[in-house]
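What follows is the content of structure_28.csv, which has CSV, C-alpha atoms:
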chain,number,residue,atom,x,y,z
C,1,MET,CA,0.0,0.0,0.0
C,2,LYS,CA,1.1,3.5,-0.7
C,3,LYS,CA,2.0,6.3,1.7
C,4,ILE,CA,1.0,9.8,0.6
C,5,LEU,CA,3.9,12.3,0.8
C,6,LEU,CA,2.3,15.6,-0.3
C,7,SER,CA,4.3,18.7,-1.3
C,8,ALA,CA,4.0,21.4,-3.8
C,9,SER,CA,6.6,19.7,-6.0
C,10,LEU,CA,4.8,16.4,-5.9
C,11,VAL,CA,1.4,17.9,-6.8
C,12,LEU,CA,3.0,19.9,-9.7
C,13,MET,CA,4.7,16.7,-10.9
C,14,LEU,CA,1.4,14.9,-10.8
C,15,PHE,CA,-0.5,17.6,-12.6
C,16,SER,CA,2.1,18.0,-15.3
C,17,CYS,CA,1.6,14.3,-16.0
C,18,GLN,CA,4.0,12.2,-18.0
C,19,ASN,CA,3.0,12.4,-21.6
C,20,GLU,CA,5.0,9.3,-22.5
C,21,ASP,CA,3.0,7.2,-20.2
C,22,SER,CA,-0.3,8.9,-21.2
C,23,SER,CA,0.4,8.3,-24.8
C,24,LYS,CA,1.2,4.7,-24.1
C,25,VAL,CA,-2.2,4.2,-22.5
C,26,ILE,CA,-4.1,6.1,-25.3
C,27,ALA,CA,-2.2,4.2,-28.0
C,28,THR,CA,-3.6,0.9,-26.8
C,29,ASN,CA,-7.2,2.2,-26.8
C,30,ASN,CA,-9.8,1.2,-29.3
C,31,ALA,CA,-12.9,3.4,-29.2
C,32,SER,CA,-15.3,0.4,-29.3
C,33,ALA,CA,-13.3,-1.9,-27.0
C,34,GLN,CA,-11.5,0.1,-24.3
C,35,ARG,CA,-12.4,2.8,-21.9
C,36,ARG,CA,-10.9,6.3,-22.4
C,37,CYS,CA,-11.5,9.2,-20.0
C,38,ALA,CA,-10.1,12.6,-20.9
C,39,SER,CA,-10.2,14.1,-17.5
C,40,GLN,CA,-6.4,14.2,-17.1
C,41,GLU,CA,-5.9,15.6,-20.6
C,42,VAL,CA,-8.4,18.3,-19.9
C,43,LEU,CA,-6.7,19.1,-16.6
C,44,GLU,CA,-3.3,19.5,-18.4
C,45,ARG,CA,-4.9,21.9,-20.9
C,46,GLN,CA,-6.6,23.9,-18.1
C,47,LEU,CA,-3.3,24.1,-16.2
C,48,LYS,CA,-1.6,25.6,-19.3
C,49,GLU,CA,-4.4,28.1,-19.8
C,50,ASP,CA,-4.7,29.2,-16.2
C,51,PRO,CA,-1.4,29.8,-14.4
C,52,THR,CA,-3.2,30.1,-11.0
C,53,LEU,CA,-4.9,26.7,-11.2
C,54,ALA,CA,-2.0,24.6,-10.0
C,55,ALA,CA,-1.6,26.7,-6.8
C,56,ARG,CA,-5.4,26.4,-6.1
C,57,MET,CA,-5.3,22.7,-6.6
C,58,ASN,CA,-2.2,22.4,-4.4
C,59,LYS,CA,-4.1,24.1,-1.6
C,60,ILE,CA,-7.0,21.6,-2.1
C,61,GLU,CA,-4.5,18.7,-1.8
C,62,GLU,CA,-3.0,20.2,1.4
C,63,PHE,CA,-6.5,20.6,2.9
C,64,THR,CA,-7.4,17.0,1.8
C,65,GLU,CA,-4.4,15.5,3.5
C,66,ASN,CA,-4.9,17.5,6.7
C,67,PHE,CA,-8.6,16.6,6.7
C,68,SER,CA,-7.9,12.9,6.3
C,69,LYS,CA,-5.5,12.9,9.3
C,70,SER,CA,-7.7,14.9,11.6
C,71,HIS,CA,-11.1,13.4,10.6
C,72,PRO,CA,-10.5,9.6,10.2
C,73,ASN,CA,-14.1,8.8,11.0
C,74,TYR,CA,-15.7,11.9,9.5
C,75,ARG,CA,-19.4,11.9,8.7
C,76,LEU,CA,-21.5,14.5,6.9
C,77,VAL,CA,-24.7,15.8,8.5
C,78,ASN,CA,-27.0,12.8,9.0
C,79,GLY,CA,-24.3,10.7,7.5
C,80,LYS,CA,-24.9,11.8,3.9
C,81,ILE,CA,-24.9,14.7,1.5
C,82,GLU,CA,-27.5,14.9,-1.3
C,83,ILE,CA,-26.4,16.4,-4.6
C,84,PRO,CA,-28.9,17.9,-7.0
C,85,VAL,CA,-28.1,17.0,-10.6
C,86,VAL,CA,-28.8,19.0,-13.7
C,87,VAL,CA,-28.6,17.0,-16.9
C,88,ASN,CA,-27.9,19.1,-20.1
C,89,VAL,CA,-28.8,17.1,-23.2
C,90,LEU,CA,-27.3,18.3,-26.5
C,91,TYR,CA,-28.6,16.4,-29.5
C,92,LYS,CA,-28.6,16.4,-33.3
C,93,THR,CA,-30.2,13.1,-33.8
C,94,THR,CA,-33.3,11.5,-32.1
C,95,ALA,CA,-31.1,8.9,-30.5
C,96,GLU,CA,-28.9,11.6,-28.9
C,97,ASN,CA,-32.1,13.1,-27.3
C,98,ILE,CA,-32.1,10.4,-24.7
C,99,SER,CA,-35.2,9.6,-22.7
C,100,LEU,CA,-36.1,10.7,-19.2
C,101,ALA,CA,-36.1,7.0,-18.3
C,102,GLN,CA,-32.5,6.6,-19.5
C,103,ILE,CA,-31.5,9.7,-17.5
C,104,GLN,CA,-33.2,8.5,-14.3
C,105,SER,CA,-31.5,5.1,-14.7
C,106,GLN,CA,-28.1,6.9,-14.6
C,107,ILE,CA,-29.1,8.8,-11.4
C,108,ASP,CA,-30.1,5.4,-9.9
C,109,VAL,CA,-26.7,3.9,-10.8
C,110,LEU,CA,-24.9,6.8,-9.1
C,111,ASN,CA,-27.0,6.3,-5.9
C,112,ASN,CA,-26.3,2.6,-5.9
C,113,ASP,CA,-22.6,2.9,-6.5
C,114,TYR,CA,-22.0,5.7,-4.0
C,115,ASN,CA,-24.0,4.0,-1.3
C,116,ALA,CA,-22.7,0.4,-1.7
C,117,LEU,CA,-26.1,-0.7,-3.0
C,118,ASN,CA,-24.9,-2.0,-6.3
C,119,SER,CA,-25.6,-5.7,-6.7
C,120,ASP,CA,-22.0,-6.5,-7.5
C,121,TYR,CA,-20.6,-4.9,-4.3
C,122,ASN,CA,-20.6,-8.4,-2.7
C,123,GLN,CA,-18.1,-9.5,-5.4
C,124,VAL,CA,-15.3,-7.4,-3.8
C,125,PRO,CA,-12.5,-9.9,-3.0
C,126,ALA,CA,-11.6,-10.7,0.6
C,127,ALA,CA,-8.2,-9.1,0.1
C,128,PHE,CA,-10.0,-5.7,-0.2
C,129,SER,CA,-13.0,-6.3,2.1
C,130,ALA,CA,-11.5,-4.3,5.0
C,131,VAL,CA,-11.1,-1.1,2.8
C,132,LYS,CA,-14.2,-1.2,0.6
C,133,ALA,CA,-16.4,1.8,1.3
C,134,ASN,CA,-19.9,3.1,1.4
C,135,VAL,CA,-19.3,6.7,0.3
C,136,GLY,CA,-22.7,7.8,1.6
C,137,ILE,CA,-23.4,10.5,-1.0
C,138,SER,CA,-26.8,10.6,-2.8
C,139,PHE,CA,-28.0,12.2,-6.0
C,140,VAL,CA,-31.4,13.6,-7.0
C,141,LEU,CA,-32.4,14.6,-10.5
C,142,ASP,CA,-33.1,18.3,-10.3
C,143,GLN,CA,-33.6,19.4,-13.9
C,144,VAL,CA,-33.3,18.2,-17.5
C,145,ILE,CA,-32.4,20.8,-20.1
C,146,ARG,CA,-32.5,19.9,-23.8
C,147,LYS,CA,-31.1,21.7,-26.8
C,148,SER,CA,-31.1,20.8,-30.4
C,149,THR,CA,-27.8,21.5,-32.2
C,150,THR,CA,-26.2,21.0,-35.6
C,151,LYS,CA,-22.9,19.7,-34.1
C,152,THR,CA,-22.0,16.0,-34.8
C,153,SER,CA,-19.4,16.0,-32.0
C,154,TRP,CA,-18.2,18.3,-29.2
C,155,GLY,CA,-14.6,17.2,-28.4
C,156,THR,CA,-13.0,17.9,-25.0
C,157,THR,CA,-12.5,21.7,-25.1
C,158,ASP,CA,-15.6,22.4,-23.0
C,159,ALA,CA,-17.6,23.7,-26.0
C,160,MET,CA,-20.7,21.9,-24.8
C,161,LYS,CA,-20.6,24.0,-21.6
C,162,LYS,CA,-20.6,27.4,-23.5
C,163,THR,CA,-23.6,29.1,-25.1
C,164,ALA,CA,-21.3,31.0,-27.4
C,165,LYS,CA,-20.1,27.6,-28.8
C,166,GLY,CA,-23.7,26.3,-29.2
C,167,GLY,CA,-23.7,24.5,-25.9
C,168,LEU,CA,-25.5,25.0,-22.5
C,169,ALA,CA,-23.9,27.0,-19.7
C,170,PRO,CA,-24.0,25.2,-16.3
C,171,THR,CA,-26.9,25.8,-14.0
C,172,SER,CA,-25.9,26.9,-10.4
C,173,PRO,CA,-22.6,25.0,-10.6
C,174,THR,CA,-21.7,25.9,-7.0
C,175,THR,CA,-24.7,24.0,-5.6
C,176,LYS,CA,-25.7,21.6,-8.4
C,177,LEU,CA,-23.7,18.9,-10.3
C,178,ASN,CA,-24.1,19.6,-14.0
C,179,LEU,CA,-23.9,16.6,-16.4
C,180,TRP,CA,-23.6,17.3,-20.2
C,181,VAL,CA,-24.8,14.4,-22.3
C,182,CYS,CA,-23.8,14.6,-25.9
C,183,THR,CA,-21.6,13.0,-28.6
C,184,ILE,CA,-18.0,13.8,-27.5
C,185,GLY,CA,-16.2,11.9,-30.3
C,186,GLY,CA,-12.6,10.7,-30.6
C,187,GLY,CA,-13.3,7.5,-28.6
C,188,ILE,CA,-13.8,9.5,-25.4
C,189,LEU,CA,-16.4,8.1,-23.0
C,190,GLY,CA,-16.4,11.2,-20.8
C,191,TYR,CA,-14.4,13.6,-18.8
C,192,ALA,CA,-14.8,15.7,-15.6
C,193,GLN,CA,-13.4,18.9,-14.2
C,194,PHE,CA,-11.5,18.4,-11.0
C,195,PRO,CA,-12.1,20.7,-8.0
C,196,GLY,CA,-10.4,24.0,-8.2
C,197,GLY,CA,-11.3,24.8,-11.8
C,198,SER,CA,-13.6,27.6,-13.1
C,199,SER,CA,-17.3,27.4,-12.1
C,200,ALA,CA,-18.1,28.4,-15.7
C,201,THR,CA,-17.0,24.9,-16.9
C,202,ASP,CA,-17.6,22.9,-13.8
C,203,GLY,CA,-19.2,19.5,-14.1
C,204,VAL,CA,-19.0,16.2,-16.1
C,205,ALA,CA,-19.4,15.5,-19.8
C,206,ILE,CA,-20.5,12.0,-20.9
C,207,ASP,CA,-21.1,10.6,-24.3
C,208,SER,CA,-24.7,9.6,-24.8
C,209,LYS,CA,-23.6,6.1,-25.9
C,210,TYR,CA,-22.3,5.4,-22.4
C,211,PHE,CA,-24.9,7.0,-20.2
C,212,GLY,CA,-27.3,5.1,-18.0
C,213,LEU,CA,-28.7,1.6,-18.5
C,214,SER,CA,-31.0,1.8,-21.5
C,215,GLY,CA,-31.6,3.5,-24.8
C,216,THR,CA,-28.3,4.5,-26.4
C,217,ALA,CA,-26.1,2.8,-23.8
C,218,ASN,CA,-23.6,0.6,-25.5
C,219,TYR,CA,-22.0,-2.6,-24.2
C,220,PRO,CA,-19.5,-2.9,-22.5
C,221,TYR,CA,-20.2,0.5,-21.0
C,222,ASN,CA,-24.0,0.1,-20.5
C,223,LEU,CA,-24.1,-0.1,-16.7
C,224,GLY,CA,-23.7,3.6,-16.0
C,225,ARG,CA,-20.2,3.3,-14.6
C,226,THR,CA,-18.7,6.0,-16.9
C,227,ALA,CA,-20.7,8.5,-14.8
C,228,THR,CA,-19.6,6.8,-11.6
C,229,HIS,CA,-16.0,7.1,-12.7
C,230,GLU,CA,-16.2,10.7,-13.9
C,231,VAL,CA,-18.1,12.0,-10.9
C,232,GLY,CA,-15.3,10.4,-8.8
C,233,HIS,CA,-12.9,12.8,-10.6
C,234,TRP,CA,-15.3,15.7,-10.0
C,235,MET,CA,-15.0,14.8,-6.3
C,236,ASN,CA,-11.2,14.8,-6.5
C,237,LEU,CA,-10.3,11.2,-7.2
C,238,ARG,CA,-7.4,10.3,-9.5
C,239,HIS,CA,-7.1,7.4,-11.8
C,240,ILE,CA,-6.0,4.5,-9.7
C,241,TRP,CA,-2.6,4.1,-11.6
C,242,GLY,CA,-1.8,7.8,-11.0
C,243,ASP,CA,-1.6,8.5,-14.8
C,244,ALA,CA,2.0,7.3,-14.8
C,245,THR,CA,3.7,3.9,-14.7
C,246,CYS,CA,3.5,2.9,-11.0
C,247,GLY,CA,2.1,6.3,-10.3
C,248,ASN,CA,0.5,7.8,-7.1
C,249,ASP,CA,-3.3,8.3,-6.9
C,250,LEU,CA,-2.9,10.1,-3.6
C,251,VAL,CA,-4.8,7.3,-1.8
C,252,SER,CA,-3.1,5.2,0.8
C,253,ASP,CA,-5.2,2.1,0.7
C,254,THR,CA,-5.3,1.4,-3.0
C,255,PRO,CA,-2.5,-0.8,-4.4
C,256,THR,CA,0.1,0.6,-6.8
C,257,HIS,CA,-1.0,-0.2,-10.3
C,258,ASP,CA,1.6,-0.3,-13.1
C,259,SER,CA,-0.9,1.1,-15.6
C,260,ALA,CA,-4.6,1.2,-16.5
C,261,ASN,CA,-6.5,-2.1,-16.8
C,262,PHE,CA,-9.0,-2.8,-19.5
C,263,GLY,CA,-11.8,-5.4,-20.0
C,264,VAL,CA,-12.4,-7.6,-17.0
C,265,PRO,CA,-9.1,-8.8,-15.6
C,266,THR,CA,-9.0,-12.2,-14.0
C,267,TYR,CA,-8.5,-12.0,-10.2
C,268,PRO,CA,-5.9,-11.9,-8.8
C,269,HIS,CA,-4.1,-9.5,-11.2
C,270,TYR,CA,-0.6,-8.6,-9.9
C,271,SER,CA,1.1,-5.3,-10.4
C,272,THR,CA,4.7,-5.2,-11.7
C,273,CYS,CA,5.5,-2.4,-9.4
C,274,SER,CA,7.5,-2.6,-6.1
C,275,GLY,CA,6.1,-5.4,-3.9
C,276,THR,CA,4.0,-6.8,-6.8
C,277,PRO,CA,0.7,-6.2,-5.0
C,278,ILE,CA,-2.7,-7.5,-6.2
C,279,GLU,CA,-4.2,-4.6,-8.2
C,280,MET,CA,-7.6,-3.3,-7.3
C,281,THR,CA,-8.9,-3.7,-10.8
C,282,MET,CA,-12.6,-3.6,-9.6
C,283,ASN,CA,-12.1,0.0,-8.4
C,284,TYR,CA,-14.3,2.5,-10.2
C,285,MET,CA,-11.2,4.6,-10.9
C,286,ASP,CA,-9.6,2.0,-13.2
C,287,TYR,CA,-10.3,1.7,-16.9
C,288,THR,CA,-12.1,-1.7,-16.8
C,289,ASP,CA,-15.4,-2.4,-18.5
C,290,ASP,CA,-18.6,-1.4,-16.6
C,291,ARG,CA,-19.2,-5.0,-15.3
C,292,GLY,CA,-15.6,-5.1,-14.0
C,293,MET,CA,-15.7,-2.1,-11.6
C,294,TYR,CA,-17.8,-2.1,-8.4
C,295,MET,CA,-16.0,-0.5,-5.4
C,296,PHE,CA,-14.5,2.6,-3.9
C,297,SER,CA,-12.0,2.4,-1.0
C,298,LEU,CA,-12.1,4.0,2.4
C,299,GLY,CA,-9.2,6.2,1.4
C,300,GLN,CA,-11.1,7.4,-1.7
C,301,LYS,CA,-14.1,8.1,0.5
C,302,SER,CA,-11.9,10.3,2.7
C,303,ARG,CA,-10.8,12.3,-0.2
C,304,MET,CA,-14.4,12.8,-1.3
C,305,ASP,CA,-15.5,13.7,2.2
C,306,ALA,CA,-12.8,16.4,2.3
C,307,VAL,CA,-14.2,18.1,-0.8
C,308,PHE,CA,-17.6,18.7,1.0
C,309,ALA,CA,-16.3,19.4,4.5
C,310,VAL,CA,-16.4,22.9,5.9
C,311,GLY,CA,-13.5,24.7,4.2
C,312,GLY,CA,-13.5,22.2,1.3
C,313,THR,CA,-13.7,23.3,-2.3
C,314,ARG,CA,-17.3,22.0,-2.7
C,315,ALA,CA,-18.6,22.9,0.8
C,316,SER,CA,-21.3,25.0,-0.9
C,317,PHE,CA,-23.1,21.7,-1.7
C,318,ARG,CA,-23.8,21.2,2.0
C,319,ASN,CA,-26.4,24.0,1.9
Written form, structure tokens:
Amino acid sequence: MKKILLSASLVLMLFSCQNEDSSKVIATNNASAQRRCASQEVLERQLKEDPTLAARMNKIEEFTENFSKSHPNYRLVNGKIEIPVVVNVLYKTTAENISLAQIQSQIDVLNNDYNALNSDYNQVPAAFSAVKANVGISFVLDQVIRKSTTKTSWGTTDAMKKTAKGGLAPTSPTTKLNLWVCTIGGGILGYAQFPGGSSATDGVAIDSKYFGLSGTANYPYNLGRTATHEVGHWMNLRHIWGDATCGNDLVSDTPTHDSANFGVPTYPHYSTCSGTPIEMTMNYMDYTDDRGMYMFSLGQKSRMDAVFAVGGTRASFRN
């Protein structure tokens, strides 16, 4: 297991990412066969565009580490926080204009996955049973906003979040989680904005082909886990391999992964990193197929708790 040693230089090294390793992961991807999340790539772009972002995110990491040490058994008010969700649907085709039933199915998946109510939670191996977590965060559908467009794909430059680009601006982003459902293109399933970024682009974008349980949802990403993964980023979780070979995801109870995992790896799957630990391939923050991911860890829960704590970057969601 990893020990977190947080410093400004470590955070800046993490955020600068290692392009050689990222390109290695991306090069192995097939749009129809392997998961691809663009959250880290978008973060790298935002760091280049905003010289003050790294400093803000470093402060968030310092707060998170201090919070985890001083609140090991922290609970939110009544044990939970409820997040209103605004779903922004951008469509050109009838298929892209997904149904309310498909949207609600995604909200249901988020509630199950973040409250350990998912039917596959009992599949967590005994080796990880002591660290599997009920995050205790709930989601409620607040509003669905639909807009017809002429765009065939939106990319990862946040165009879908900007009215000037033909998209939809976020609704009350400091108190509501905004999801944009559209065709992203380029084999990208979705991407999220990490805490610390601009409220004007805050939220999660998910391709309509990988959203919810019905309608346009395509196997092997038809169980709503793309949203579970991306909302994890929105709550300050990193990819479990740290976006580098044997990288650091800033969580102490997740094993060191040598790289992303795809498909549904046979358990136990051993890391090639120091100590050759069994990798937590069933963690939502890996790149496995939807049916292969079904747990968060207690360390990840602590990071998410810190985001919503008093003084945390998303504390406004407590109101």
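Rounded to one decimal, atom CA of C:Asn58 and atom CA of C:Ala38 lie 20.8 Å from each other.
One finds atom CA of C:Glu230 at 24.4 Å from atom CA of C:Ser148.
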Expected residue set, 10 Å radius at (6.3, -1.0, -12.3), all atoms listed in the file, as a ChimeraX atom specification
/C:244-247,256-259,271-276
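What separates atom CA of C:Gln143 from atom CA of C:Leu100 is a distance of 10.5 Å.
Nearest to C:Val181 of all the residues C:Gln106, C:Gln123, C:Ser208, C:Thr64 is C:Ser208, counting all atoms listed in the file.
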Nearby residues, (-3.3, -1.2, -5.4) file frame, 10 Å, only C-alpha atoms, as an NGL selection string:
:C and (1-2 or 128 or 240-241 or 246 or 248-249 or 251-258 or 270-271 or 273 or 276-281 or 283)
So that I can see what lies close to C:Ile60, please list as a list in words the residues with an atom at most 10 Å from it, counting all atoms listed in the file and leaving out residues fewer than 2 positions away in the same chain.
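Skipping anything fewer than 2 positions along the chain leaves Ala54, Ala55, Arg56, Met57, Asn58, Glu62, Phe63, Thr64, Glu65, Asn66, Pro195, Gly196, Asn236, Ala306, Val307, Gly311, Gly312 and Thr313 of chain C.
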For the contact check between stretch 118-159 of chain C and stretch 297-305 of chain C, emit one row per residue of stretch 118-159 of chain C within 7 Å, containing the shortest atom pair and the distance in Å rounded to one decimal, counting all atoms listed in the file, chain then rising number order, as JSON lines.
{"residue": "C:Val131", "atom": "CA", "partner": "C:Leu298", "partner_atom": "CA", "distance": 5.2}
{"residue": "C:Lys132", "atom": "CA", "partner": "C:Ser297", "partner_atom": "CA", "distance": 4.5}
{"residue": "C:Ala133", "atom": "CA", "partner": "C:Leu298", "partner_atom": "CA", "distance": 5.0}
{"residue": "C:Val135", "atom": "CA", "partner": "C:Lys301", "partner_atom": "CA", "distance": 5.4}
If you count only C-alpha atoms, which residues fall within 12 Å of C:Ser198, apart from same-chain ones fewer than 4 positions away, as a PyMOL selection string?
chain C and resi 43+46-47+49-50+52-53+56-57+158+161+170+173-174+193-194+202-203+313
